[in-house]
file work.cif (mmCIF, C-alpha atoms)
data_final
loop_
_atom_site.label_atom_id
_atom_site.label_comp_id
_atom_site.auth_asym_id
_atom_site.auth_seq_id
_atom_site.Cartn_x
_atom_site.Cartn_y
_atom_site.Cartn_z
CA MET A 323 -9.19 -12.84 21.14
CA GLU A 324 -11.83 -10.69 22.76
CA ALA A 325 -14.54 -9.66 20.38
CA SER A 326 -14.58 -6.31 18.66
CA ARG A 327 -17.71 -4.61 17.39
CA PHE A 328 -17.78 -3.70 13.73
CA GLU A 329 -19.27 -0.48 12.44
CA ALA A 330 -19.31 0.89 8.91
CA PRO A 331 -20.63 4.46 9.00
CA THR A 332 -21.52 6.14 5.72
CA GLU A 333 -20.71 9.70 6.79
CA VAL A 334 -17.66 11.35 8.33
CA GLU A 335 -19.75 12.59 11.28
CA GLY A 336 -20.78 9.03 12.10
CA ALA A 337 -17.15 7.89 12.13
CA VAL A 338 -16.13 10.81 14.35
CA ALA A 339 -18.94 10.02 16.82
CA LEU A 340 -17.85 6.39 17.08
CA LEU A 341 -14.18 7.29 17.48
CA ALA A 342 -14.91 9.98 20.06
CA ALA A 343 -17.18 7.75 22.14
CA GLU A 344 -14.67 5.02 22.99
CA GLU A 345 -10.98 5.14 23.64
CA GLY A 346 -10.64 1.61 22.24
CA ALA A 347 -12.12 2.56 18.86
CA ARG A 348 -9.86 2.08 15.83
CA VAL A 349 -10.19 3.13 12.20
CA LEU A 350 -10.12 0.37 9.59
CA ALA A 351 -9.08 1.58 6.15
CA GLY A 352 -7.01 -1.09 4.35
CA GLY A 353 -6.36 -3.10 7.50
CA THR A 354 -2.80 -3.97 6.51
CA ASP A 355 -1.48 -2.65 9.81
CA LEU A 356 -4.51 -2.86 12.10
CA LEU A 357 -5.42 -6.48 11.38
CA VAL A 358 -1.77 -7.56 11.52
CA GLN A 359 -1.37 -5.92 14.94
CA MET A 360 -4.57 -7.58 16.17
CA ARG A 361 -3.36 -10.94 14.88
CA LEU A 362 0.12 -10.68 16.36
CA ARG A 363 -1.22 -9.61 19.76
CA ARG A 364 -3.77 -12.41 19.94
CA GLY A 365 -3.03 -14.58 22.95
CA VAL A 366 0.18 -12.73 23.83
CA PRO A 367 0.25 -11.86 27.56
CA ASP A 368 0.33 -8.16 28.49
CA SER A 369 -0.29 -7.00 24.92
CA PRO A 370 -2.76 -4.17 24.27
CA PRO A 371 -6.38 -5.33 24.06
CA PRO A 372 -8.10 -5.58 20.66
CA PRO A 373 -10.14 -2.54 19.58
CA SER A 374 -13.51 -2.26 21.33
CA VAL A 375 -14.98 -1.13 18.04
CA ILE A 376 -13.55 -1.29 14.54
CA VAL A 377 -14.74 1.60 12.40
CA ASP A 378 -14.60 0.67 8.70
CA VAL A 379 -14.37 3.98 6.85
CA LYS A 380 -14.64 2.59 3.31
CA ARG A 381 -18.40 3.09 3.14
CA ILE A 382 -17.94 6.87 3.42
CA PRO A 383 -18.03 8.14 -0.18
CA ARG A 384 -15.75 11.10 0.53
CA LEU A 385 -13.00 8.77 1.74
CA MET A 386 -13.12 6.68 -1.45
CA ARG A 387 -13.12 9.55 -3.94
CA THR A 388 -10.39 10.63 -6.37
CA GLN A 389 -10.83 14.19 -7.63
CA LEU A 390 -8.41 15.66 -10.14
CA ASP A 391 -8.50 19.17 -11.52
CA ALA A 392 -6.06 21.84 -12.64
CA GLY A 393 -5.31 22.75 -9.04
CA GLY A 394 -4.34 19.28 -8.01
CA LEU A 395 -5.56 16.07 -6.47
CA THR A 396 -8.01 15.53 -3.63
CA LEU A 397 -7.75 11.91 -2.65
CA GLY A 398 -10.00 10.11 -0.17
CA ALA A 399 -8.13 8.66 2.78
CA ALA A 400 -9.25 5.09 2.13
CA VAL A 401 -8.46 4.81 -1.59
CA PRO A 402 -6.25 1.73 -2.01
CA ALA A 403 -2.67 2.08 -3.23
CA ALA A 404 -3.33 0.14 -6.44
CA GLU A 405 -6.05 2.58 -7.47
CA ILE A 406 -3.64 5.48 -6.91
CA PHE A 407 -0.69 4.28 -8.98
CA GLU A 408 -2.89 2.81 -11.71
CA ASN A 409 -4.31 6.31 -12.28
CA GLN A 410 -2.46 7.60 -15.34
CA THR A 411 -3.07 11.27 -14.52
CA ILE A 412 -1.62 10.86 -11.03
CA LYS A 413 1.34 8.97 -12.48
CA ASN A 414 2.01 11.67 -15.06
CA ARG A 415 1.66 14.63 -12.72
CA TRP A 416 3.37 13.20 -9.61
CA PRO A 417 5.54 10.33 -10.85
CA GLY A 418 7.55 10.14 -7.62
CA LEU A 419 4.44 9.94 -5.49
CA ALA A 420 3.09 7.19 -7.73
CA GLU A 421 6.43 5.34 -7.53
CA ALA A 422 6.48 5.51 -3.76
CA THR A 423 2.91 4.23 -3.57
CA ASP A 424 3.74 1.39 -5.99
CA LEU A 425 6.61 0.29 -3.72
CA ILE A 426 4.38 -0.43 -0.73
CA GLY A 427 3.92 -4.16 -0.14
CA SER A 428 2.79 -6.84 -2.56
CA THR A 429 0.11 -6.68 -5.25
CA GLN A 430 -2.30 -8.13 -2.70
CA VAL A 431 -1.39 -5.59 -0.01
CA GLN A 432 -1.68 -2.78 -2.57
CA GLY A 433 -5.29 -3.80 -3.10
CA ARG A 434 -5.93 -2.79 0.51
CA ALA A 435 -3.23 -0.44 1.82
CA THR A 436 -3.93 3.30 1.88
CA TRP A 437 -2.04 6.58 2.19
CA CYS A 438 -3.90 7.29 5.42
CA GLY A 439 -2.76 3.99 6.88
CA ASN A 440 0.82 4.58 5.82
CA LEU A 441 0.67 8.02 7.43
CA CYS A 442 -1.23 7.08 10.61
CA ASN A 443 0.84 3.96 11.30
CA ALA A 444 3.69 6.48 11.49
CA SER A 445 6.49 4.08 10.65
CA PRO A 446 9.66 6.10 10.01
CA ALA A 447 10.13 3.92 6.91
CA ALA A 448 6.73 4.63 5.31
CA ASP A 449 7.37 4.98 1.56
CA SER A 450 4.52 7.29 0.61
CA VAL A 451 5.19 9.86 3.33
CA PRO A 452 8.47 11.45 2.09
CA ALA A 453 6.98 11.56 -1.42
CA MET A 454 3.82 13.24 -0.13
CA ILE A 455 5.84 15.83 1.76
CA ALA A 456 8.05 16.57 -1.26
CA CYS A 457 4.90 17.35 -3.26
CA GLY A 458 3.55 19.73 -0.61
CA THR A 459 0.67 17.46 0.37
CA THR A 460 -1.71 18.44 3.14
CA VAL A 461 -4.07 16.21 5.06
CA VAL A 462 -7.64 17.02 6.09
CA ILE A 463 -8.52 15.75 9.55
CA ALA A 464 -12.09 15.56 10.86
CA GLY A 465 -12.86 15.52 14.56
CA PRO A 466 -15.48 16.41 17.15
CA SER A 467 -14.78 20.13 16.75
CA GLY A 468 -14.81 20.17 12.95
CA GLU A 469 -12.11 19.86 10.33
CA ARG A 470 -8.53 21.05 10.17
CA GLU A 471 -5.95 20.87 7.39
CA VAL A 472 -2.28 20.31 8.21
CA PRO A 473 0.83 19.65 6.13
CA VAL A 474 1.73 15.94 5.99
CA GLU A 475 5.15 17.10 7.16
CA ASP A 476 3.69 18.01 10.58
CA PHE A 477 1.59 14.87 11.06
CA ALA A 478 3.92 12.26 12.56
CA THR A 479 5.67 13.15 15.80
CA GLY A 480 7.65 9.94 16.31
CA PRO A 481 7.52 6.22 15.52
CA GLY A 482 3.86 5.24 15.85
CA LYS A 483 2.94 8.71 17.12
CA THR A 484 0.87 11.35 15.34
CA ILE A 485 -0.95 14.60 16.03
CA LEU A 486 -4.33 12.82 15.79
CA GLU A 487 -6.44 13.36 18.86
CA ARG A 488 -9.24 11.22 20.18
CA GLY A 489 -12.21 11.25 17.87
CA GLU A 490 -10.19 12.40 14.88
CA LEU A 491 -9.64 10.66 11.58
CA VAL A 492 -7.91 11.43 8.32
CA VAL A 493 -10.51 12.28 5.68
CA GLU A 494 -8.57 13.21 2.56
CA PHE A 495 -5.28 14.35 1.10
CA LYS A 496 -4.69 17.42 -1.03
CA VAL A 497 -1.77 17.38 -3.44
CA PRO A 498 -1.17 20.66 -5.28
CA SER A 499 -0.33 20.40 -8.99
CA PRO A 500 3.37 20.91 -9.69
CA ALA A 501 4.45 24.19 -11.28
CA SER A 502 4.99 24.12 -15.04
CA HIS A 503 8.64 22.98 -14.87
CA ALA A 504 8.52 20.93 -11.70
CA ALA A 505 8.66 17.20 -11.06
CA ASP A 506 9.31 14.70 -8.31
CA ALA A 507 11.06 11.36 -7.83
CA TYR A 508 11.28 8.79 -5.05
CA LEU A 509 13.90 6.11 -4.51
CA ARG A 510 14.32 3.64 -1.72
CA LEU A 511 16.90 1.03 -0.89
CA ILE A 512 15.93 -2.40 0.38
CA PRO A 513 18.18 -5.46 0.70
CA ARG A 514 16.19 -7.29 -1.98
CA THR A 515 14.18 -6.13 -4.99
CA GLU A 516 10.64 -6.41 -3.65
CA MET A 517 8.56 -6.90 -0.51
CA ASP A 518 10.74 -5.25 2.12
CA ILE A 519 10.93 -2.19 4.35
CA ALA A 520 13.00 0.83 3.34
CA VAL A 521 16.57 1.04 4.66
CA VAL A 522 16.55 4.59 3.31
CA GLY A 523 13.98 6.44 1.21
CA ALA A 524 14.60 9.74 -0.59
CA ALA A 525 12.01 11.97 -2.22
CA VAL A 526 13.03 15.01 -4.25
CA GLN A 527 10.84 17.58 -5.95
CA LEU A 528 12.48 20.26 -8.08
CA GLU A 529 10.97 23.34 -9.68
CA LEU A 530 12.99 24.86 -12.54
CA ASP A 531 12.84 28.08 -14.51
CA GLU A 532 12.83 28.18 -18.33
CA ASP A 533 16.62 27.82 -18.44
CA GLY A 534 16.69 24.76 -16.21
CA THR A 535 17.92 26.52 -13.08
CA VAL A 536 16.46 25.12 -9.87
CA GLN A 537 14.10 27.64 -8.27
CA LYS A 538 12.75 25.45 -5.49
CA ALA A 539 13.83 22.12 -4.06
CA ASN A 540 12.25 19.74 -1.57
CA VAL A 541 14.52 16.96 -0.31
CA ILE A 542 12.83 14.58 2.12
CA LEU A 543 14.33 11.45 3.66
CA GLY A 544 12.55 8.43 5.14
CA ALA A 545 13.77 5.64 7.44
CA VAL A 546 16.74 7.61 8.78
CA ALA A 547 15.10 9.42 11.71
CA PRO A 548 12.06 8.97 14.01
CA THR A 549 9.92 10.60 11.30
CA ALA A 550 10.44 11.58 7.67
CA ILE A 551 12.75 14.61 7.63
CA ARG A 552 13.28 17.59 5.38
CA VAL A 553 16.91 18.31 4.52
CA ALA A 554 16.81 22.10 4.31
CA ALA A 555 20.55 22.32 3.63
CA ALA A 556 20.10 20.06 0.60
CA ASP A 557 17.24 22.25 -0.65
CA THR A 558 19.55 25.27 -0.36
CA ALA A 559 22.42 23.48 -2.11
CA LEU A 560 20.27 22.65 -5.13
CA VAL A 561 18.53 26.03 -5.53
CA GLY A 562 20.29 28.20 -8.12
CA SER A 563 22.07 25.24 -9.68
CA ARG A 564 21.46 23.33 -12.86
CA LEU A 565 22.41 20.20 -10.98
CA GLU A 566 26.13 20.57 -11.52
CA ASP A 567 28.26 18.05 -9.62
CA ASP A 568 29.21 20.55 -6.91
CA ALA A 569 25.59 21.31 -6.08
CA VAL A 570 24.50 17.70 -6.11
CA ASN A 571 27.48 16.60 -4.03
CA ALA A 572 26.69 19.32 -1.50
CA ALA A 573 23.05 18.17 -1.36
CA ALA A 574 24.14 14.55 -0.91
CA ALA A 575 26.55 15.51 1.87
CA ALA A 576 23.78 17.51 3.55
CA ALA A 577 21.47 14.49 3.37
CA SER A 578 24.10 12.19 4.88
CA ALA A 579 24.71 14.72 7.65
CA ALA A 580 21.00 15.19 8.38
CA ALA A 581 20.31 11.46 8.56
CA ASN A 582 19.99 10.31 12.15
CA PRO A 583 19.24 6.60 11.73
CA ILE A 584 19.26 3.55 13.95
CA ASP A 585 21.36 0.42 13.61
CA ASP A 586 19.26 -2.64 12.85
CA LYS A 587 19.27 -5.82 10.81
CA ARG A 588 18.52 -3.88 7.63
CA GLY A 589 21.44 -1.50 7.87
CA THR A 590 24.00 0.14 10.11
CA ILE A 591 24.08 3.83 10.95
CA THR A 592 27.16 4.38 8.77
CA TYR A 593 25.57 2.60 5.81
CA ARG A 594 22.26 4.39 6.12
CA LYS A 595 23.92 7.80 6.30
CA LYS A 596 25.96 7.05 3.18
CA ILE A 597 22.95 5.72 1.29
CA ALA A 598 20.90 8.79 2.25
CA GLY A 599 23.39 10.82 0.21
CA VAL A 600 23.49 8.38 -2.69
CA LEU A 601 19.69 8.21 -3.04
CA THR A 602 19.37 11.99 -2.71
CA ARG A 603 21.82 12.43 -5.59
CA ARG A 604 20.07 9.89 -7.80
CA ALA A 605 16.54 11.09 -7.00
CA ALA A 606 17.59 14.70 -7.67
CA HIS A 607 18.86 13.71 -11.12
CA ILE A 608 15.66 11.84 -11.95
CA ALA A 609 13.46 14.72 -10.75
CA TYR A 610 15.60 17.16 -12.75
CA GLU A 611 15.31 15.18 -15.98
CA ARG A 612 11.57 14.90 -15.53
CA ALA A 613 11.22 18.61 -14.83
CA ARG A 614 13.35 19.46 -17.86
CA ALA A 615 11.11 17.34 -20.06
CA ARG A 616 8.04 19.34 -19.02
CA MET B 744 -21.90 -10.20 21.44
CA ALA B 745 -24.50 -10.46 18.69
CA LYS B 746 -23.19 -11.82 15.44
CA ILE B 747 -23.33 -9.77 12.28
CA ARG B 748 -25.39 -11.03 9.36
CA VAL B 749 -23.60 -10.52 6.06
CA GLU B 750 -25.04 -10.88 2.57
CA THR B 751 -22.52 -11.08 -0.19
CA THR B 752 -21.79 -12.68 -3.56
CA ILE B 753 -19.19 -15.44 -3.69
CA ASN B 754 -18.14 -16.86 -7.06
CA GLY B 755 -21.25 -15.44 -8.68
CA GLU B 756 -23.69 -16.88 -6.16
CA GLU B 757 -25.48 -15.11 -3.35
CA ALA B 758 -24.15 -16.11 0.03
CA GLU B 759 -25.14 -15.30 3.58
CA PHE B 760 -23.27 -15.86 6.82
CA LEU B 761 -23.04 -14.81 10.45
CA CYS B 762 -19.74 -13.58 11.83
CA ALA B 763 -18.12 -11.70 14.70
CA GLY B 764 -16.84 -8.17 14.12
CA HIS B 765 -13.19 -9.16 14.31
CA GLN B 766 -13.41 -12.31 12.16
CA THR B 767 -11.51 -12.27 8.90
CA LEU B 768 -12.95 -13.14 5.51
CA LEU B 769 -10.39 -15.96 5.40
CA GLU B 770 -11.75 -17.52 8.58
CA VAL B 771 -15.34 -17.35 7.36
CA LEU B 772 -14.54 -18.71 3.90
CA ARG B 773 -12.72 -21.70 5.33
CA ASP B 774 -14.44 -22.45 8.60
CA ASP B 775 -18.04 -21.43 7.99
CA LEU B 776 -18.55 -21.64 4.24
CA GLY B 777 -16.40 -24.70 3.60
CA LEU B 778 -14.43 -22.95 0.87
CA THR B 779 -11.10 -24.41 1.93
CA GLY B 780 -9.39 -23.77 -1.41
CA THR B 781 -8.27 -20.42 -0.01
CA LYS B 782 -5.33 -21.33 2.23
CA GLU B 783 -4.22 -19.90 5.54
CA GLY B 784 -0.51 -19.18 5.48
CA CYS B 785 0.96 -16.35 7.53
CA THR B 786 -2.30 -14.53 8.43
CA THR B 787 -0.38 -11.26 8.27
CA GLY B 788 -0.57 -10.43 4.56
CA ASP B 789 2.93 -11.57 3.67
CA CYS B 790 2.52 -14.91 1.88
CA GLY B 791 -0.35 -14.62 -0.61
CA ALA B 792 -1.78 -18.08 0.15
CA CYS B 793 -5.18 -16.55 0.93
CA SER B 794 -5.39 -14.39 -2.22
CA VAL B 795 -8.97 -13.67 -3.29
CA VAL B 796 -10.55 -11.04 -5.52
CA LEU B 797 -12.78 -8.54 -3.70
CA ASP B 798 -14.79 -6.22 -5.97
CA GLY B 799 -12.23 -6.82 -8.71
CA ARG B 800 -9.14 -6.21 -6.54
CA LEU B 801 -6.63 -8.89 -5.61
CA VAL B 802 -6.43 -8.87 -1.80
CA PRO B 803 -5.24 -11.12 1.02
CA ALA B 804 -8.38 -12.55 2.66
CA CYS B 805 -6.56 -12.56 6.01
CA LEU B 806 -6.48 -8.74 5.93
CA VAL B 807 -10.17 -8.34 5.14
CA LEU B 808 -12.74 -8.48 7.90
CA ALA B 809 -15.68 -10.71 7.08
CA PRO B 810 -18.32 -7.98 7.65
CA GLU B 811 -16.58 -5.87 5.01
CA ALA B 812 -17.89 -8.34 2.41
CA GLU B 813 -21.46 -7.03 2.86
CA GLY B 814 -22.82 -6.24 -0.61
CA ARG B 815 -19.47 -6.91 -2.27
CA THR B 816 -18.40 -9.62 -4.70
CA VAL B 817 -15.80 -12.18 -3.69
CA GLN B 818 -14.03 -14.54 -6.08
CA THR B 819 -12.07 -17.46 -4.73
CA VAL B 820 -10.08 -20.24 -6.37
CA GLU B 821 -13.21 -22.41 -6.33
CA GLY B 822 -14.80 -20.10 -8.91
CA ILE B 823 -12.04 -20.34 -11.50
CA ALA B 824 -12.66 -23.69 -13.20
CA GLN B 825 -15.81 -23.99 -15.34
CA GLY B 826 -17.32 -27.17 -13.92
CA SER B 827 -14.67 -29.81 -14.48
CA THR B 828 -12.89 -27.76 -17.14
CA LEU B 829 -9.77 -26.17 -15.72
CA SER B 830 -8.72 -22.65 -16.64
CA ALA B 831 -5.61 -22.19 -18.77
CA VAL B 832 -3.67 -21.17 -15.68
CA GLN B 833 -4.75 -24.26 -13.77
CA GLN B 834 -4.04 -26.52 -16.75
CA LYS B 835 -0.56 -25.06 -17.24
CA PHE B 836 0.26 -25.44 -13.53
CA LEU B 837 -0.45 -29.16 -13.99
CA GLU B 838 1.48 -29.47 -17.25
CA HIS B 839 4.54 -27.67 -15.90
CA GLY B 840 4.42 -29.39 -12.52
CA ALA B 841 4.34 -25.93 -10.98
CA LEU B 842 3.56 -27.19 -7.50
CA GLN B 843 4.84 -29.58 -4.92
CA CYS B 844 3.11 -29.36 -1.53
CA GLY B 845 0.32 -27.24 -3.02
CA ILE B 846 -0.34 -24.85 -0.16
CA CYS B 847 0.62 -21.78 -2.18
CA THR B 848 -1.04 -22.96 -5.39
CA PRO B 849 -4.58 -21.56 -4.99
CA GLY B 850 -3.16 -18.15 -4.14
CA PHE B 851 -0.84 -18.29 -7.14
CA VAL B 852 -3.68 -19.31 -9.43
CA VAL B 853 -5.97 -16.50 -8.23
CA ALA B 854 -3.14 -13.95 -8.52
CA ALA B 855 -1.98 -15.22 -11.92
CA GLU B 856 -5.52 -15.00 -13.33
CA LYS B 857 -5.58 -11.36 -12.22
CA LEU B 858 -2.14 -10.69 -13.69
CA ILE B 859 -3.16 -12.02 -17.11
CA GLU B 860 -6.46 -10.17 -16.99
CA LYS B 861 -4.59 -6.89 -16.41
CA ASN B 862 -1.62 -7.66 -18.61
CA PRO B 863 -2.30 -10.34 -21.23
CA ASP B 864 1.34 -10.40 -22.41
CA PRO B 865 3.49 -10.06 -19.28
CA THR B 866 7.26 -10.29 -19.46
CA GLU B 867 8.95 -12.70 -17.08
CA GLU B 868 10.03 -9.74 -14.96
CA GLU B 869 6.52 -8.31 -14.82
CA ALA B 870 5.12 -11.68 -13.82
CA ARG B 871 7.74 -12.12 -11.10
CA TYR B 872 7.07 -8.66 -9.65
CA PHE B 873 3.30 -9.05 -9.78
CA LEU B 874 3.55 -12.42 -8.02
CA ALA B 875 6.22 -11.33 -5.51
CA GLY B 876 3.60 -11.41 -2.75
CA ASN B 877 2.94 -15.10 -3.32
CA LEU B 878 5.51 -17.20 -1.51
CA CYS B 879 6.40 -20.75 -2.47
CA ARG B 880 8.89 -22.73 -0.40
CA CYS B 881 9.05 -25.79 -2.70
CA THR B 882 9.40 -25.00 -6.37
CA GLY B 883 11.94 -22.22 -6.54
CA TYR B 884 9.34 -20.33 -8.63
CA ASP B 885 10.75 -21.17 -12.09
CA LYS B 886 8.07 -23.70 -12.95
CA ILE B 887 5.36 -21.40 -11.64
CA ILE B 888 6.56 -18.51 -13.77
CA ARG B 889 6.84 -20.76 -16.83
CA ALA B 890 3.30 -22.02 -16.24
CA VAL B 891 1.95 -18.48 -15.90
CA LEU B 892 3.70 -17.20 -19.04
CA ASP B 893 2.59 -20.27 -20.98
CA ALA B 894 -1.00 -19.80 -19.80
CA ALA B 895 -0.88 -16.16 -20.88
CA ALA B 896 0.39 -17.24 -24.32
CA VAL B 897 -2.38 -19.81 -24.68
CA MET B 898 -5.01 -17.28 -23.63
CA ARG B 899 -3.70 -14.74 -26.14
CA GLU B 900 -4.12 -17.29 -28.89
CA GLY B 901 -7.65 -17.92 -27.69
CA THR B 902 -7.07 -21.65 -27.63
CA ALA B 903 -7.48 -22.07 -23.91
#

call {"tool": "encode", "arguments": {"input": "work.cif", "output": "structure tokens"}}
result
Amino acid sequence: MEASRFEAPTEVEGAVALLAAEEGARVLAGGTDLLVQMRLRRGVPDSPPPPSVIVDVKRIPRLMRTQLDAGGLTLGAAVPAAEIFENQTIKNRWPGLAEATDLIGSTQVQGRATWCGNLCNASPAADSVPAMIACGTTVVIAGPSGEREVPVEDFATGPGKTILERGELVVEFKVPSPASHAADAYLRLIPRTEMDIAVVGAAVQLELDEDGTVQKANVILGAVAPTAIRVAAADTALVGSRLEDDAVNAAAAAASAAANPIDDKRGTITYRKKIAGVLTRRAAHIAYERARAR
Amino acid sequence: MAKIRVETTINGEEAEFLCAGHQTLLEVLRDDLGLTGTKEGCTTGDCGACSVVLDGRLVPACLVLAPEAEGRTVQTVEGIAQGSTLSAVQQKFLEHGALQCGICTPGFVVAAEKLIEKNPDPTEEEARYFLAGNLCRCTGYDKIIRAVLDAAAVMREGTA
């Protein structure tokens, strides 16, 4: 393999300067995608060259910080998955988001992998992304012309494609605290019980009134389209209900209809569409029970 | 390209090495520092054979770049036994015959030590999930899990 330079800036501005200066610059957060890609491309003819410079962002304090207050969570882009789901406050406030994060990879991979990597790798099957969207998460991006904040929902534009422009990097995530009777849940299906990629993922966040009637719903699917998708018709089906069978069945049917998956070794189109409905139903029930208990 | 000089702490001792920017911690441990206990399996983070502890976190050394170790602490399987006295986990792996070819064993030992540190009384299910990222193609896992649970029991009794 050709050599890559290694840089570990301690400020966001330093990282932006390095990324803006060279087209071949790549961000290293957990490395669970970047280093694997570099390894798999090594010695393979016609594969993309290794990064000219690897920019390790874990020495930037802002990217390693976890800040929790009444308003919500501000999480540094390079905080490893294990640190996120081991945080009891995060687990209590956003159980679905913690579940999704806990599903990524092995214990070893969770010691490295980050939300920013899961988002920037832009796999349609990323587990944390539907859960982040369901919770209304936004992402702060720094670049040569300053910072911008965008909803996670608008970040990926296709498999492996994002809105990030040259010189830009993800700095932190902002997750608003759920309303007083709101909660989330995330479920995914894989062919085994651990260490696999989602066939379908479903994240649901529900906000209830005092009587348990759904006021707001966010139903997000992963692995069934080029990016995570919002099922607006499922949101509509659940709002105004107390999760009676009719409402949940309508939401599940909407999810199956919205799913636009591929056929591959993990599942057929027919199967994935069906499972999208099943997981939506189950995740809605879990989110509802959690919201009721609050 | 100029090599990078890295100062780090490995198994409690100060260590210093030169590496290229794209070299992994696994490569440096094995090829430059002679710490060949950490095994190279898949090199893509799937098999757990290269498990080490970096600043207290269990990580695959194949997915860590060597220059990242600057100023950090690294623990490898070589640092687990106290001289010639094996740890409870190591002893129980021997007693239960929890290995055949041995390639996965250092990774399992490093990961199991971390499991028991975090959860001194794991259920079988918890142990199996925690260790799901450590692949073994010989044993069928049962003996490994029995060894880990037995080691945890011994450590709880303080008789290790």

call {"tool": "residues_near_point", "arguments": {"input": "work.cif", "point": "(-9.4, 7.7, -5.8)", "cutoff": "8 Å", "atoms": "all atoms listed in the file", "output": "VMD selection string"}}
result
chain A and resid 386 to 389 397 to 398 401 to 402 405 to 406

call {"tool": "write_last_selection", "arguments": {"input": "work.cif", "atoms": "C-alpha atoms", "output": "PDB file, in the coordinates of the input"}}
result
ATOM      1  CA  MET A 386     -13.120   6.680  -1.450  1.00  0.00           C
ATOM      2  CA  ARG A 387     -13.120   9.550  -3.940  1.00  0.00           C
ATOM      3  CA  THR A 388     -10.390  10.630  -6.370  1.00  0.00           C
ATOM      4  CA  GLN A 389     -10.830  14.190  -7.630  1.00  0.00           C
ATOM      5  CA  LEU A 397      -7.750  11.910  -2.650  1.00  0.00           C
ATOM      6  CA  GLY A 398     -10.000  10.110  -0.170  1.00  0.00           C
ATOM      7  CA  VAL A 401      -8.460   4.810  -1.590  1.00  0.00           C
ATOM      8  CA  PRO A 402      -6.250   1.730  -2.010  1.00  0.00           C
ATOM      9  CA  GLU A 405      -6.050   2.580  -7.470  1.00  0.00           C
ATOM     10  CA  ILE A 406      -3.640   5.480  -6.910  1.00  0.00           C
TER      11      ILE A 406
END

call {"tool": "closest_atom_pairs", "arguments": {"input": "work.cif", "of": "chain A", "to": "chain B", "cutoff": "7 Å", "atoms": "all atoms listed in the file", "output": "Markdown table"}}
result
| residue | atom | partner | partner_atom | distance |
| --- | --- | --- | --- | --- |
| A:Ala325 | CA | B:His765 | CA | 6.2 |
| A:Ser326 | CA | B:His765 | CA | 5.4 |
| A:Arg327 | CA | B:Gly764 | CA | 4.9 |
| A:Phe328 | CA | B:Gly764 | CA | 4.6 |
| A:Gly353 | CA | B:Leu806 | CA | 5.9 |
| A:Thr354 | CA | B:Leu806 | CA | 6.1 |
| A:Leu357 | CA | B:Leu806 | CA | 6.0 |
| A:Val358 | CA | B:Thr787 | CA | 5.1 |
| A:Ser428 | CA | B:Gly876 | CA | 4.6 |
| A:Thr429 | CA | B:Phe873 | CA | 6.0 |
| A:Gln430 | CA | B:Val802 | CA | 4.3 |
| A:Val431 | CA | B:Val802 | CA | 6.3 |
| A:Gly433 | CA | B:Val802 | CA | 5.4 |
| A:Arg434 | CA | B:Val802 | CA | 6.5 |
| A:Glu516 | CA | B:Ala875 | CA | 6.9 |

call {"tool": "resolve_selection", "arguments": {"input": "work.cif", "expression": "the PyMOL selection byres ((chain A and resi 532) around 10)", "output": "JSON, numbers by chain"}}
result
{"A": [502, 503, 530, 531, 533, 534, 535, 536, 614]}

call {"tool": "resolve_selection", "arguments": {"input": "work.cif", "expression": "the PyMOL selection byres ((chain A and resi 551) around 10)", "output": "list of chain:residue names"}}
result
A:Pro446, A:Val451, A:Pro452, A:Ile455, A:Glu475, A:Ala524, A:Val541, A:Ile542, A:Leu543, A:Gly544, A:Ala545, A:Val546, A:Ala547, A:Pro548, A:Thr549, A:Ala550, A:Arg552, A:Val553, A:Ala554, A:Ala577, A:Ala580, A:Ala581, A:Asn582

call {"tool": "residues_near_point", "arguments": {"input": "work.cif", "point": "(-25.3, -13.1, 5.2)", "cutoff": "6 Å", "atoms": "all atoms listed in the file", "output": "PyMOL selection string"}}
result
chain B and resi 748-750+759-761

call {"tool": "closest_residue", "arguments": {"input": "work.cif", "among": "A:Thr558, A:Gln359, A:Thr460, A:Ser374", "to": "Lys496 (chain A)", "atoms": "only C-alpha atoms"}}
result
A:Thr460

call {"tool": "resolve_selection", "arguments": {"input": "work.cif", "expression": "the PyMOL selection byres ((chain A and resi 525) around 10)", "output": "count of residues only"}}
result
32

call {"tool": "residues_around", "arguments": {"input": "work.cif", "residues": "region 815-831 of chain B", "least_positions_apart": "4", "cutoff": "10 Å", "atoms": "all atoms listed in the file", "output": "VMD selection string"}}
result
chain B and resid 749 to 758 768 772 778 to 782 793 to 801 804 811 835 to 837 848 to 854 856 890 to 891 893 to 898 902 to 903

call {"tool": "atom_distance", "arguments": {"input": "work.cif", "atom1": "CA of Leu842 (chain B)", "atom2": "CA of Tyr884 (chain B)"}}
result
9.0 Å

call {"tool": "atom_distance", "arguments": {"input": "work.cif", "atom1": "CA of Asn862 (chain B)", "atom2": "CA of Gln833 (chain B)"}}
result
17.6 Å

call {"tool": "atom_distance", "arguments": {"input": "work.cif", "atom1": "CA of Ser499 (chain A)", "atom2": "CA of Ala576 (chain A)"}}
result
27.3 Å

call {"tool": "closest_residue", "arguments": {"input": "work.cif", "among": "B:Ala870, B:Cys785, B:Ala855, B:Ile888", "to": "Arg361 (chain A)", "atoms": "all atoms listed in the file"}}
result
B:Cys785

call {"tool": "closest_residue", "arguments": {"input": "work.cif", "among": "A:Pro498, A:Gly427, A:Asp476, A:Pro383", "to": "Gly458 (chain A)", "atoms": "only C-alpha atoms"}}
result
A:Pro498
